[in-house]
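Source file: coords_36.txt; contents: compact mmCIF, C-alpha atoms and all ligand atoms.
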# COMPACT_ATOMS: atom_id res chain seq x y z
CA MET A 1 51.96 -36.14 -7.94
CA TRP A 2 54.84 -33.74 -7.45
CA ILE A 3 55.18 -29.96 -7.48
CA ASP A 4 58.31 -28.47 -9.02
CA SER A 5 58.70 -25.50 -6.70
CA HIS A 6 61.50 -23.92 -8.75
CA CYS A 7 62.21 -24.02 -12.49
CA HIS A 8 62.93 -21.61 -15.32
CA LEU A 9 60.47 -22.46 -18.10
CA ASN A 10 61.45 -19.45 -20.21
CA HIS A 11 65.13 -20.39 -20.33
CA SER A 12 66.73 -20.79 -23.74
CA ASN A 13 68.61 -23.93 -22.62
CA PHE A 14 65.55 -26.14 -23.20
CA GLU A 15 66.91 -27.07 -26.62
CA GLY A 16 64.57 -24.59 -28.25
CA LEU A 17 61.41 -26.19 -26.85
CA PRO A 18 58.64 -23.66 -26.08
CA PRO A 19 57.63 -23.33 -22.40
CA SER A 20 54.15 -24.70 -23.15
CA GLU A 21 55.62 -27.96 -24.46
CA ILE A 22 57.99 -28.40 -21.50
CA ALA A 23 55.09 -27.80 -19.14
CA GLU A 24 52.77 -30.21 -20.99
CA GLN A 25 55.41 -32.95 -20.84
CA ALA A 26 55.71 -32.39 -17.10
CA PHE A 27 51.94 -32.49 -16.56
CA SER A 28 51.77 -35.81 -18.43
CA ASN A 29 54.59 -37.25 -16.31
CA GLY A 30 53.51 -36.94 -12.70
CA VAL A 31 53.91 -33.19 -12.10
CA ASP A 32 50.90 -31.40 -10.70
CA GLY A 33 52.24 -27.85 -10.69
CA MET A 34 55.32 -25.70 -11.12
CA VAL A 35 56.66 -22.25 -10.34
CA THR A 36 58.67 -20.54 -13.05
CA ILE A 37 61.15 -18.33 -11.25
CA CYS A 38 62.22 -14.80 -12.18
CA CYS A 39 65.90 -13.81 -12.43
CA ARG A 40 65.71 -10.44 -14.21
CA ILE A 41 62.56 -8.45 -13.59
CA SER A 42 63.31 -5.85 -16.26
CA GLU A 43 63.49 -8.47 -19.00
CA GLU A 44 61.47 -11.47 -17.93
CA LEU A 45 58.36 -10.56 -15.98
CA PRO A 46 55.81 -10.15 -18.85
CA GLN A 47 57.03 -13.40 -20.40
CA LEU A 48 56.78 -15.31 -17.10
CA LEU A 49 53.27 -13.97 -16.51
CA ASN A 50 52.23 -15.16 -19.98
CA ILE A 51 53.58 -18.63 -19.24
CA ALA A 52 51.83 -18.73 -15.87
CA LYS A 53 48.51 -17.45 -17.21
CA ALA A 54 48.42 -20.19 -19.85
CA HIS A 55 47.82 -22.89 -17.21
CA ASP A 56 45.97 -23.16 -13.90
CA LYS A 57 48.85 -24.94 -12.20
CA ILE A 58 51.75 -22.77 -13.31
CA TRP A 59 52.73 -19.82 -11.17
CA CYS A 60 55.63 -17.37 -11.25
CA SER A 61 57.74 -15.17 -9.00
CA VAL A 62 59.23 -11.70 -9.28
CA GLY A 63 62.81 -10.95 -8.32
CA THR A 64 66.41 -10.29 -9.24
CA HIS A 65 68.94 -13.14 -9.14
CA PRO A 66 72.17 -12.29 -7.27
CA HIS A 67 74.00 -12.77 -10.59
CA ASP A 68 71.94 -9.88 -12.00
CA ALA A 69 71.98 -7.66 -8.91
CA GLY A 70 74.53 -5.29 -10.46
CA HIS A 71 72.49 -4.70 -13.60
CA GLU A 72 71.40 -1.06 -13.77
CA ASN A 73 67.79 -1.79 -14.79
CA GLU A 74 67.43 -4.12 -11.81
CA ARG A 75 69.07 -1.65 -9.44
CA ALA A 76 66.59 0.98 -10.63
CA ILE A 77 63.67 -1.07 -9.30
CA SER A 78 62.89 0.38 -5.87
CA GLU A 79 61.49 -1.52 -2.93
CA GLU A 80 58.13 0.19 -3.51
CA GLU A 81 58.15 -0.83 -7.15
CA LEU A 82 58.99 -4.42 -6.22
CA VAL A 83 56.06 -4.45 -3.78
CA ARG A 84 53.78 -3.01 -6.47
CA LEU A 85 54.86 -5.63 -9.03
CA ALA A 86 54.62 -8.52 -6.57
CA THR A 87 51.02 -7.66 -5.77
CA SER A 88 50.04 -6.78 -9.34
CA ASP A 89 48.92 -10.26 -10.38
CA GLU A 90 47.36 -13.30 -8.70
CA LYS A 91 49.82 -15.55 -10.55
CA ILE A 92 52.82 -14.05 -8.72
CA VAL A 93 53.18 -16.28 -5.67
CA GLY A 94 56.63 -15.40 -4.33
CA ILE A 95 59.53 -12.92 -4.37
CA GLY A 96 62.94 -14.01 -5.71
CA GLU A 97 65.12 -15.61 -6.52
CA SER A 98 67.29 -13.30 -4.51
CA GLY A 99 70.26 -13.80 -2.24
CA LEU A 100 74.03 -14.01 -2.38
CA ASP A 101 76.29 -15.94 -4.73
CA TYR A 102 79.92 -15.55 -3.69
CA PHE A 103 80.92 -18.58 -5.77
CA TYR A 104 80.50 -16.79 -9.09
CA ASP A 105 80.57 -13.19 -7.81
CA TYR A 106 78.98 -12.00 -11.07
CA ALA A 107 77.74 -8.88 -9.28
CA PRO A 108 79.70 -6.89 -6.67
CA ARG A 109 78.93 -8.26 -3.21
CA ASP A 110 77.67 -4.95 -1.81
CA GLN A 111 75.14 -4.76 -4.66
CA GLN A 112 74.05 -8.37 -4.07
CA GLN A 113 73.49 -7.57 -0.41
CA GLU A 114 71.58 -4.37 -1.17
CA SER A 115 69.31 -6.28 -3.56
CA PHE A 116 68.79 -9.10 -1.04
CA ARG A 117 67.74 -6.60 1.65
CA LYS A 118 65.30 -4.96 -0.77
CA HIS A 119 63.68 -8.34 -1.53
CA ILE A 120 63.36 -9.23 2.16
CA ARG A 121 61.68 -5.91 2.93
CA ALA A 122 59.26 -6.41 0.03
CA CYS A 123 58.39 -9.86 1.41
CA ILE A 124 57.63 -8.43 4.83
CA LYS A 125 55.41 -5.74 3.29
CA THR A 126 53.48 -8.15 1.06
CA GLY A 127 53.48 -11.30 3.20
CA LEU A 128 54.78 -13.22 0.16
CA PRO A 129 57.43 -15.92 0.63
CA LEU A 130 61.06 -15.21 -0.23
CA ILE A 131 62.93 -17.56 -2.57
CA VAL A 132 66.56 -17.51 -1.43
CA HIS A 133 69.51 -18.41 -3.65
CA THR A 134 72.75 -18.71 -1.70
CA ARG A 135 76.13 -20.18 -2.58
CA ASP A 136 79.38 -19.92 -0.63
CA ALA A 137 77.79 -17.16 1.44
CA GLU A 138 76.40 -18.82 4.56
CA GLU A 139 77.42 -16.19 7.14
CA ASP A 140 76.26 -13.12 5.24
CA THR A 141 73.04 -14.81 4.12
CA ILE A 142 71.80 -15.60 7.61
CA GLN A 143 73.06 -12.30 9.01
CA ILE A 144 71.05 -10.31 6.47
CA MET A 145 67.98 -12.54 6.91
CA ARG A 146 68.12 -11.95 10.66
CA GLU A 147 68.84 -8.21 10.46
CA GLU A 148 66.00 -7.55 8.03
CA GLY A 149 63.53 -10.29 8.86
CA GLU A 150 63.76 -11.53 12.44
CA GLY A 151 60.46 -11.17 14.28
CA LYS A 152 58.80 -9.52 11.28
CA GLY A 153 56.93 -12.50 9.88
CA LEU A 154 59.43 -13.20 7.10
CA ARG A 155 58.66 -16.52 5.37
CA GLY A 156 60.45 -18.35 2.59
CA VAL A 157 62.52 -21.16 1.19
CA MET A 158 66.23 -21.86 0.83
CA HIS A 159 66.08 -23.03 -2.77
CA CYS A 160 68.36 -25.72 -4.25
CA PHE A 161 69.96 -26.09 -0.85
CA SER A 162 73.65 -26.99 -1.12
CA SER A 163 75.23 -24.88 1.64
CA GLN A 164 76.68 -26.11 4.91
CA ASN A 165 74.04 -27.89 6.96
CA TRP A 166 74.13 -25.40 9.81
CA LEU A 167 72.60 -22.80 7.51
CA ALA A 168 69.56 -25.05 6.98
CA ASP A 169 69.10 -25.27 10.74
CA ALA A 170 69.51 -21.52 11.19
CA ALA A 171 67.01 -20.81 8.38
CA MET A 172 64.50 -23.33 9.78
CA GLU A 173 64.77 -21.58 13.13
CA MET A 174 63.38 -18.54 11.30
CA GLY A 175 60.56 -20.69 9.94
CA PHE A 176 62.07 -21.25 6.51
CA TYR A 177 61.59 -24.31 4.29
CA ILE A 178 64.47 -26.21 2.69
CA SER A 179 64.16 -27.15 -0.98
CA LEU A 180 66.07 -30.13 -2.34
CA SER A 181 67.12 -30.32 -5.98
CA GLY A 182 68.86 -32.94 -8.13
CA ILE A 183 72.12 -32.14 -6.32
CA VAL A 184 71.01 -34.43 -3.48
CA THR A 185 71.11 -37.41 -5.86
CA PHE A 186 74.79 -36.93 -6.74
CA LYS A 187 77.17 -39.50 -5.23
CA LYS A 188 79.37 -36.84 -3.63
CA SER A 189 76.49 -35.06 -1.88
CA ILE A 190 76.98 -37.00 1.34
CA GLU A 191 76.47 -34.06 3.71
CA LEU A 192 73.33 -32.99 1.86
CA GLN A 193 71.96 -36.55 1.98
CA GLU A 194 72.52 -36.56 5.75
CA LEU A 195 70.51 -33.36 5.95
CA ALA A 196 67.74 -34.77 3.72
CA LYS A 197 67.35 -37.72 6.09
CA ARG A 198 66.82 -35.59 9.17
CA LEU A 199 64.84 -32.59 7.86
CA PRO A 200 61.43 -32.27 9.55
CA ALA A 201 58.79 -33.62 7.15
CA ASP A 202 56.82 -30.38 7.24
CA ARG A 203 59.77 -28.23 6.11
CA ILE A 204 60.84 -29.94 2.87
CA LEU A 205 60.16 -28.85 -0.68
CA VAL A 206 61.46 -30.40 -3.91
CA GLU A 207 62.46 -28.69 -7.13
CA THR A 208 64.43 -29.14 -10.33
CA ASP A 209 65.89 -25.67 -11.07
CA ALA A 210 65.44 -26.88 -14.68
CA PRO A 211 67.02 -26.51 -17.20
CA PHE A 212 70.03 -26.67 -14.85
CA LEU A 213 71.23 -29.52 -12.62
CA ALA A 214 69.54 -32.69 -13.85
CA PRO A 215 69.37 -35.39 -11.13
CA ALA A 216 71.01 -38.80 -11.46
CA PRO A 217 70.75 -40.76 -13.76
CA HIS A 218 70.22 -37.81 -16.12
CA ARG A 219 73.17 -35.81 -14.78
CA GLY A 220 74.85 -33.64 -17.40
CA LYS A 221 71.78 -33.68 -19.67
CA MET A 222 69.09 -31.03 -19.97
CA ASN A 223 66.96 -30.97 -16.84
CA ARG A 224 63.15 -31.01 -17.08
CA PRO A 225 60.43 -30.29 -14.50
CA GLU A 226 59.24 -33.93 -14.59
CA TYR A 227 62.61 -35.03 -13.19
CA VAL A 228 61.42 -33.59 -9.86
CA ALA A 229 60.02 -37.09 -9.38
CA ARG A 230 63.54 -38.61 -9.56
CA THR A 231 64.75 -36.31 -6.79
CA GLY A 232 61.59 -36.88 -4.75
CA GLU A 233 61.81 -40.68 -5.05
CA PHE A 234 65.50 -40.59 -4.13
CA VAL A 235 64.86 -38.53 -0.99
CA ALA A 236 61.86 -40.67 -0.02
CA GLN A 237 64.06 -43.76 -0.18
CA LEU A 238 66.76 -42.05 1.93
CA ARG A 239 64.12 -41.26 4.55
CA GLY A 240 62.52 -44.70 4.39
CA GLU A 241 59.22 -43.25 3.22
CA GLU A 242 56.85 -44.26 0.43
CA PRO A 243 57.31 -41.98 -2.60
CA GLN A 244 53.59 -41.21 -2.82
CA ASP A 245 53.50 -40.19 0.86
CA PHE A 246 56.56 -37.99 0.42
CA ALA A 247 55.02 -36.44 -2.71
CA ALA A 248 51.81 -35.69 -0.80
CA GLN A 249 53.76 -34.19 2.11
CA THR A 250 55.96 -31.94 -0.06
CA THR A 251 52.92 -30.84 -2.07
CA GLN A 252 51.12 -29.91 1.14
CA ASN A 253 54.22 -28.01 2.29
CA PHE A 254 54.34 -26.18 -1.02
CA PHE A 255 50.77 -24.91 -0.77
CA LYS A 256 51.30 -23.89 2.84
CA LEU A 257 54.30 -21.75 1.96
CA PHE A 258 53.08 -20.52 -1.44
CA ASP A 259 49.58 -19.95 -0.14
CA LYS A 260 48.64 -17.61 -2.99
CA ALA A 261 48.90 -20.67 -5.28
CA ALA A 262 46.39 -22.53 -3.10
CA GLU A 263 43.63 -19.94 -3.60
ZN ZN A 301 69.22 -20.28 -7.78
ZN ZN A 302 66.80 -20.86 -10.18
Translate the structure described by the file into structure tokens.
Ligand SMILES: [Zn+2]
Ligand SMILES: [Zn+2]
Amino acid sequence: MWIDSHCHLNHSNFEGLPPSEIAEQAFSNGVDGMVTICCRISEELPQLLNIAKAHDKIWCSVGTHPHDAGHENERAISEEELVRLATSDEKIVGIGESGLDYFYDYAPRDQQQESFRKHIRACIKTGLPLIVHTRDAEEDTIQIMREEGEGKGLRGVMHCFSSQNWLADAAMEMGFYISLSGIVTFKKSIELQELAKRLPADRILVETDAPFLAPAPHRGKMNRPEYVARTGEFVAQLRGEEPQDFAAQTTQNFFKLFDKAAE
């Protein structure tokens, strides 16, 4: 049984399917739990909480995606407010996704950085894990993580890891987990596959980021939480491990990091 540590069940790209149906399909196809991740607090949080409350094994996060970091309603959410929201419900198990996306640059970089710092501080105050989204921003990502978090008990995961491998090592040095998505199954992801082979077993998570980024052989189609098994089986084979052992290990890792989900 697999845990999809990162998906977006409320997203409209699921061909109009309601979140409950997507989740049910996943539960009938080898998925034991999933976290539906927040991108825009001001619009999504009540909806995500409803989805999470409908099932024992669905949890959610609270946070502002770097794409949305310039949005005025998101900028208006103070660090104190973020802390209050993050601790307002037992179903909220992490803070994010937050970080830096210099590939799309949908929000000005200074506002992305300001938002990222706010999320890190909220994690330190609450003890909740940080869900980091980073793309084409290795240097600034680790610099901000170190400036705000070093030696302060910051915990978290580099979600949908696709950066240069040195960033994975630098993040693991801070105690972070590395989450692998369907990207690792793509033929061209040679560097990422090298990383997947050598990651310490107790630092790996798996995810789909559904409805985005379906793994091979479903690439280009709508992604679904149950496809986390495709990615997991692929990585297990790369590492020369049995899929069920790798599933058990990544599930154990998940509950260690997202310990509020284990309660
Ligand atoms: Zn992301
Ligand atoms: Zn995401």
Could you report the residues within 7 Å of ligand ZN 301 (chain A), using all atoms listed in the file, as a list in words?
->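 If we count all atoms listed in the file, the neighbours of ligand ZN 301 (chain A) turn out to be Glu97, His133, His159 and Cys160 of chain A.
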Select the residues contacting ligand ZN 302 (chain A) at a distance of at most 10 Å, based on only C-alpha atoms and all ligand atoms, then format the selection as a PyMOL selection string.
-> chain A and resi 5-8+36-39+65+96-98+131-133+159-160+207-212
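Of the residues listed (A:Met222, A:Ala69, A:Ala262, A:Leu199), A:Met222 shows the shortest atom-to-atom separation from Leu17 of chain A; distances use all atoms listed in the file.
Compared by their closest atoms to Glu44 of chain A, and using all atoms listed in the file, the residues A:Val206, A:Val62, A:Ala168, A:Met145 rank with A:Val62 nearest.
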Give me the residues within 12 Å of Gln143 of chain A as a PyMOL selection string, counting all atoms listed in the file and dropping any in the same chain fewer than 5 places off.
-> chain A and resi 99-100+113+116-117+137-138+148-150+167+170-171+174
Test item: axis-aligned box, all listed atoms of segment 6-17 of chain A, 4 Å on each side, centre and edges in Å rounded to one decimal, as lines of an AutoDock Vina configuration file:
center_x = 64.5
center_y = -23.3
center_z = -18.5
size_x = 16.1
size_y = 15.6
size_z = 27.5
Two-atom distance - atom CA of Met34 of chain A, atom CA of Lys57 of chain A (Å) |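 Rounded to one decimal, the two atoms are 6.6 Å apart.
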Closest of A:Ala247, A:Leu195, A:Val157, A:Val235 to Pro215 of chain A - atom-to-atom distances counting all atoms listed in the file |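 Smallest distance to Pro215 of chain A is found for A:Val235.
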When you draw a straight line from atom CA of Ile3 of chain A to atom CA of Ser28 of chain A, how long is it in Å?
-> 12.9 Å
Skipping near chain neighbours, those fewer than 6 positions away, what residues fall within 10 Å of Gln244 of chain A using all atoms listed in the file, listed as a list in words?
->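 Residues near the query, excluding close chain neighbours: Met1, Trp2, Gly232, Glu233, Ala236 and Thr250 of chain A.
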Selection near Pro108 of chain A, 10 Å with all atoms listed in the file, sequence-local residues under 6 positions removed, as a VMD selection string = chain A and resid 66 to 70 101 to 102
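Every protein or nucleic acid residue with an atom no more than 10 Å from Glu79 of chain A, counting all atoms listed in the file and leaving out same-chain residues fewer than 5 positions away, appears here: Arg84, Leu85, Ser115, Arg117, Lys118, His119, Ile120, Arg121, Ala122, Cys123 and Lys125 of chain A.
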